[in-house]
Amino acid sequence: ATSSQSLVAFGQQHVTKGLGRLTEAVMSKGEGSYVSFEDGRRMLDFSCGIGVTNLGHCHPKVSRAAADQCMNLVHGQCSISFHGPYLRLIEKLLPIMPDPSLDSFFVWTSGSEAIEASLKMARMITGRQNIITMQGGYHGRTFGAMAVTKSKTSYSEGQFPLMPGVFAIPFPYWHQFGLPPSTSESELVRQALYQLDLVLKQQTAPRDTAAMLIEPVLGEGGYVQAPAPFLQGLREVCDKHGILLIVDEVQSGFGRTGKYFNIEYSNVRPDIMTMAKGLANGFPLSVVVSRKELTDKLKPGSLGGTYAGNAVSCAAAVAVANAFREEQVLENVGARSKELIATLSSLRSDPDVGSSIVDVRGQGLMVAVEFASPLYSAHDPALDLSAPKNLATRVAKRCMEKGLLILTTSVYEVIRFIPPLNISEDDLKKGCEIFAASLKEVVR
Ligand code: PMP
């Protein structure tokens, strides 16, 4: 038998260096809120494979539905015919859409592909070319998605020219304006909407602008909720100029923030919405939804993809939708969210670690702790430049050593908490204890 160590060595030799990794270990099993590794370690999983396995690893109803589908039809190519799981999935999605106008679906495979499709659709529907996106936004790694991604240069470094016709405005997050964390929401919204006005007057005229693209919660850009007045402001500007509003719910959707879709908090109607990740709990699947009135303008054949709407993934997604209702998942998110935010907030008054935390924020189980950031401190003489560097990365690493798999996000010092949506009270508490202990050890 191959030892765990020699497997790691094999991986290091033959897996491309282009992939980064959090740990040099070989994951072998996922069970509910836990993952195990070949070397015998078992970790509580607050990463959910980057917000994907939201019902826990290998949820029995989801795995069973996929296994059953495997024995019936694995690949029912969507440009050849309809297939059952594809249609049953749409039937499950229709009643939970954030707006009843969203009634026309295209099912694809990854979040990036959903973004590509949404950009192409916006161009084809409006006959316009340009896209306004958010500074700090993340939408994927394919060329179009990379062009509208503005969260880290490491994703696009060495890849220019990207898709042209992309303009970015700041997301209402204090870092984007070099303002302190205490800045009021209304001030951030005012500044961001002002920048939008300027872009439409100085860079891309409304008649050239097909769409605005936004994550209602910045994901890879730092876990920041877009204030409702900002989203409502975007909607107004879009309505005024016939620009489409594309809402990317790939990470924030499917119950992650306590409602099926985060955009429900602001009551804003998307023209196009993308979802993926939690949708099929780990089976590759994404969805782009819009209004039939708009998508009827598309030419048949203008969208497609060999594996788009894979039957096994669709069957898994149907089981996910059923489990959400049968197991009162959203109710659990509400209860666990309060506990998580209260526990993390209480650390702010802890004599050992309180001073290193500048923000605790989030909705549902999409929660972040932000530490003082050297990047920011460098621009603010009032802040302590001796703040420890790479605190978030070091804390996440210490957490892993103690059995908690947890991720950082953004170019700032942010740790994100995305545990399974059906996590137990005990496991949540255990994860928070490991986080607090790790933070204390690192800042000591
Ligand atoms: N949009 C958002 C908001 C995301 O968080 C991600 C993935 N992190 C994507 C798009 C891209 O999805 P994928 O990695 O499945 O291509």
# chains A, B, ... in the order shown; residues from 1 in each chain; ligands from 1
call {"tool": "residues_around", "arguments": {"residues": "Leu213 (chain A)", "least_positions_apart": "5", "cutoff": "7 Å", "atoms": "only C-alpha atoms", "output": "PyMOL selection string"}}
result
chain A and resi 132-133+245-247
call {"tool": "residues_near_ligand", "arguments": {"ligand": "ligand 1", "cutoff": "10 Å", "atoms": "only C-alpha atoms and all ligand atoms", "output": "PyMOL selection string"}}
result
chain A and resi 49-52+109-116+137-142+145-146+149+214-221+247-253+274-277+284-286
call {"tool": "write_last_selection", "arguments": {"atoms": "N, CA and C atoms", "output": "tab-separated table (two decimals), in the first residue's frame"}}
result
chain	number	residue	atom	x	y	z
A	49	GLY	N	-15.55	23.32	1.43
A	49	GLY	CA	-15.01	23.29	0.07
A	49	GLY	C	-15.27	24.60	-0.66
A	50	ILE	N	-15.03	25.71	0.04
A	50	ILE	CA	-15.34	27.08	-0.41
A	50	ILE	C	-16.84	27.27	-0.65
A	51	GLY	N	-17.60	27.02	0.39
A	51	GLY	CA	-19.04	27.35	0.36
A	51	GLY	C	-19.88	26.44	-0.53
A	52	VAL	N	-19.50	25.17	-0.64
A	52	VAL	CA	-20.19	24.27	-1.55
A	52	VAL	C	-21.01	23.19	-0.81
A	109	THR	N	-22.35	24.32	-15.57
A	109	THR	CA	-21.57	23.43	-14.70
A	109	THR	C	-20.87	24.17	-13.56
A	110	SER	N	-20.14	25.24	-13.86
A	110	SER	CA	-19.41	25.95	-12.81
A	110	SER	C	-19.92	27.38	-12.69
A	111	GLY	N	-19.51	28.02	-11.60
A	111	GLY	CA	-19.89	29.41	-11.39
A	111	GLY	C	-19.32	30.31	-12.49
A	112	SER	N	-18.06	30.06	-12.86
A	112	SER	CA	-17.44	30.89	-13.91
A	112	SER	C	-18.24	30.81	-15.20
A	113	GLU	N	-18.67	29.60	-15.55
A	113	GLU	CA	-19.44	29.43	-16.78
A	113	GLU	C	-20.78	30.16	-16.69
A	114	ALA	N	-21.38	30.14	-15.51
A	114	ALA	CA	-22.64	30.87	-15.34
A	114	ALA	C	-22.41	32.36	-15.59
A	115	ILE	N	-21.27	32.86	-15.10
A	115	ILE	CA	-20.95	34.28	-15.32
A	115	ILE	C	-20.72	34.55	-16.81
A	116	GLU	N	-19.96	33.67	-17.47
A	116	GLU	CA	-19.75	33.83	-18.91
A	116	GLU	C	-21.10	33.93	-19.63
A	137	GLY	N	-14.89	42.65	-6.51
A	137	GLY	CA	-15.75	41.54	-6.93
A	137	GLY	C	-14.95	40.35	-7.43
A	138	TYR	N	-15.50	39.16	-7.25
A	138	TYR	CA	-14.90	37.94	-7.78
A	138	TYR	C	-15.96	37.15	-8.54
A	139	HIS	N	-15.63	36.76	-9.77
A	139	HIS	CA	-16.64	36.04	-10.55
A	139	HIS	C	-16.09	34.82	-11.27
A	140	GLY	N	-14.80	34.50	-11.11
A	140	GLY	CA	-14.31	33.26	-11.69
A	140	GLY	C	-13.04	33.41	-12.48
A	141	ARG	N	-12.62	32.30	-13.07
A	141	ARG	CA	-11.28	32.22	-13.64
A	141	ARG	C	-11.22	32.09	-15.16
A	142	THR	N	-12.36	31.96	-15.82
A	142	THR	CA	-12.33	31.94	-17.28
A	142	THR	C	-12.12	33.38	-17.76
A	145	ALA	N	-14.99	35.95	-17.07
A	145	ALA	CA	-15.17	36.06	-15.61
A	145	ALA	C	-13.96	36.74	-14.98
A	146	MET	N	-12.77	36.44	-15.50
A	146	MET	CA	-11.55	37.04	-14.97
A	146	MET	C	-11.54	38.55	-15.25
A	149	THR	N	-13.53	40.31	-12.70
A	149	THR	CA	-13.06	40.04	-11.34
A	149	THR	C	-12.05	41.11	-10.94
A	214	ILE	N	-22.93	42.47	-9.88
A	214	ILE	CA	-22.58	42.62	-8.46
A	214	ILE	C	-22.82	41.35	-7.68
A	215	GLU	N	-21.91	41.05	-6.75
A	215	GLU	CA	-22.18	40.05	-5.72
A	215	GLU	C	-22.89	40.80	-4.59
A	216	PRO	N	-24.07	40.38	-4.17
A	216	PRO	CA	-24.74	41.10	-3.09
A	216	PRO	C	-23.95	41.02	-1.78
A	217	VAL	N	-23.11	39.97	-1.64
A	217	VAL	CA	-22.13	39.94	-0.57
A	217	VAL	C	-20.78	39.70	-1.24
A	218	LEU	N	-19.86	40.65	-1.12
A	218	LEU	CA	-18.52	40.44	-1.67
A	218	LEU	C	-17.97	39.17	-1.05
A	219	GLY	N	-17.55	38.22	-1.87
A	219	GLY	CA	-17.05	36.95	-1.34
A	219	GLY	C	-15.54	36.97	-1.21
A	220	GLU	N	-14.87	36.71	-2.33
A	220	GLU	CA	-13.40	36.69	-2.31
A	220	GLU	C	-12.85	38.08	-2.03
A	221	GLY	N	-13.71	39.10	-2.05
A	221	GLY	CA	-13.26	40.47	-1.78
A	221	GLY	C	-13.39	40.85	-0.31
A	247	VAL	N	-27.04	39.77	-10.82
A	247	VAL	CA	-26.71	39.52	-9.42
A	247	VAL	C	-26.05	38.14	-9.32
A	248	ASP	N	-24.81	38.14	-8.82
A	248	ASP	CA	-24.05	36.89	-8.70
A	248	ASP	C	-24.24	36.31	-7.30
A	249	GLU	N	-25.08	35.28	-7.22
A	249	GLU	CA	-25.35	34.63	-5.92
A	249	GLU	C	-24.62	33.29	-5.83
A	250	VAL	N	-23.53	33.14	-6.59
A	250	VAL	CA	-22.81	31.86	-6.60
A	250	VAL	C	-22.38	31.47	-5.17
A	251	GLN	N	-21.86	32.43	-4.40
A	251	GLN	CA	-21.42	32.11	-3.04
A	251	GLN	C	-22.47	32.45	-1.98
A	252	SER	N	-23.22	33.53	-2.21
A	252	SER	CA	-24.15	34.01	-1.17
A	252	SER	C	-25.52	33.33	-1.26
A	253	GLY	N	-25.75	32.58	-2.33
A	253	GLY	CA	-27.07	32.00	-2.55
A	253	GLY	C	-27.30	30.69	-1.83
A	274	THR	N	-27.09	34.54	-11.12
A	274	THR	CA	-26.30	33.31	-11.24
A	274	THR	C	-26.24	32.60	-9.90
A	275	MET	N	-26.25	31.27	-9.94
A	275	MET	CA	-26.07	30.48	-8.72
A	275	MET	C	-25.26	29.23	-9.04
A	276	ALA	N	-24.58	28.68	-8.04
A	276	ALA	CA	-23.78	27.45	-8.22
A	276	ALA	C	-23.48	26.91	-6.82
A	277	LYS	N	-22.24	26.53	-6.57
A	277	LYS	CA	-21.77	26.09	-5.24
A	277	LYS	C	-22.80	25.24	-4.48
A	284	PRO	N	-20.96	19.29	-9.62
A	284	PRO	CA	-20.76	20.52	-10.38
A	284	PRO	C	-22.02	20.95	-11.11
A	285	LEU	N	-22.51	22.12	-10.77
A	285	LEU	CA	-23.75	22.60	-11.38
A	285	LEU	C	-23.91	24.09	-11.14
A	286	SER	N	-24.29	24.81	-12.18
A	286	SER	CA	-24.61	26.23	-12.01
A	286	SER	C	-25.87	26.56	-12.80
call {"tool": "closest_residue", "arguments": {"among": "A:Asn390, A:Thr408, A:Gln202, A:Asn332", "to": "Glu425 (chain A)", "atoms": "only C-alpha atoms"}}
result
A:Asn332
call {"tool": "residues_around", "arguments": {"residues": "Ser184 (chain A)", "least_positions_apart": "6", "cutoff": "12 Å", "atoms": "only C-alpha atoms", "output": "PyMOL selection string"}}
result
chain A and resi 172-174+190-191+227
call {"tool": "residues_around", "arguments": {"residues": "Ser356 (chain A)", "least_positions_apart": "3", "cutoff": "7 Å", "atoms": "only C-alpha atoms", "output": "list in words"}}
result
Val353, Phe371 and Ala372 of chain A
call {"tool": "write_last_selection", "arguments": {"atoms": "N, CA and C atoms", "output": "PDB file, in the first residue's frame"}}
result
ATOM      1  N   VAL A 353      -7.155  39.490  22.845  1.00  0.00           N
ATOM      2  CA  VAL A 353      -7.248  39.528  21.374  1.00  0.00           C
ATOM      3  C   VAL A 353      -8.134  40.656  20.840  1.00  0.00           C
ATOM      4  N   PHE A 371      -9.145  41.529  10.881  1.00  0.00           N
ATOM      5  CA  PHE A 371      -8.094  42.034  11.763  1.00  0.00           C
ATOM      6  C   PHE A 371      -7.502  43.306  11.167  1.00  0.00           C
ATOM      7  N   ALA A 372      -6.753  44.026  11.983  1.00  0.00           N
ATOM      8  CA  ALA A 372      -6.065  45.209  11.482  1.00  0.00           C
ATOM      9  C   ALA A 372      -5.166  44.776  10.332  1.00  0.00           C
TER      10      ALA A 372
END
call {"tool": "select_by_dssp", "arguments": {"residues": "region 244-363 of chain A", "states": "alpha helix (DSSP H)", "output": "PyMOL selection string"}}
result
chain A and resi 292-295+311-326+329-346
call {"tool": "residues_around", "arguments": {"residues": "region 233-241 of chain A", "least_positions_apart": "5", "cutoff": "8 Å", "atoms": "only C-alpha atoms", "output": "list in words"}}
result
Leu193, Pro206, Arg207, Ala211, Met212, Val268 and Arg269 of chain A
call {"tool": "atom_distance", "arguments": {"atom1": "CA of Asp103 (chain A)", "atom2": "CA of Phe230 (chain A)"}}
result
25.1 Å
call {"tool": "closest_residue", "arguments": {"among": "A:Lys429, A:Arg444, A:His57, A:Lys397", "to": "Glu24 (chain A)", "atoms": "only C-alpha atoms"}}
result
A:Lys397
call {"tool": "atom_distance", "arguments": {"atom1": "CA of Ser104 (chain A)", "atom2": "CA of Leu298 (chain A)"}}
result
11.6 Å
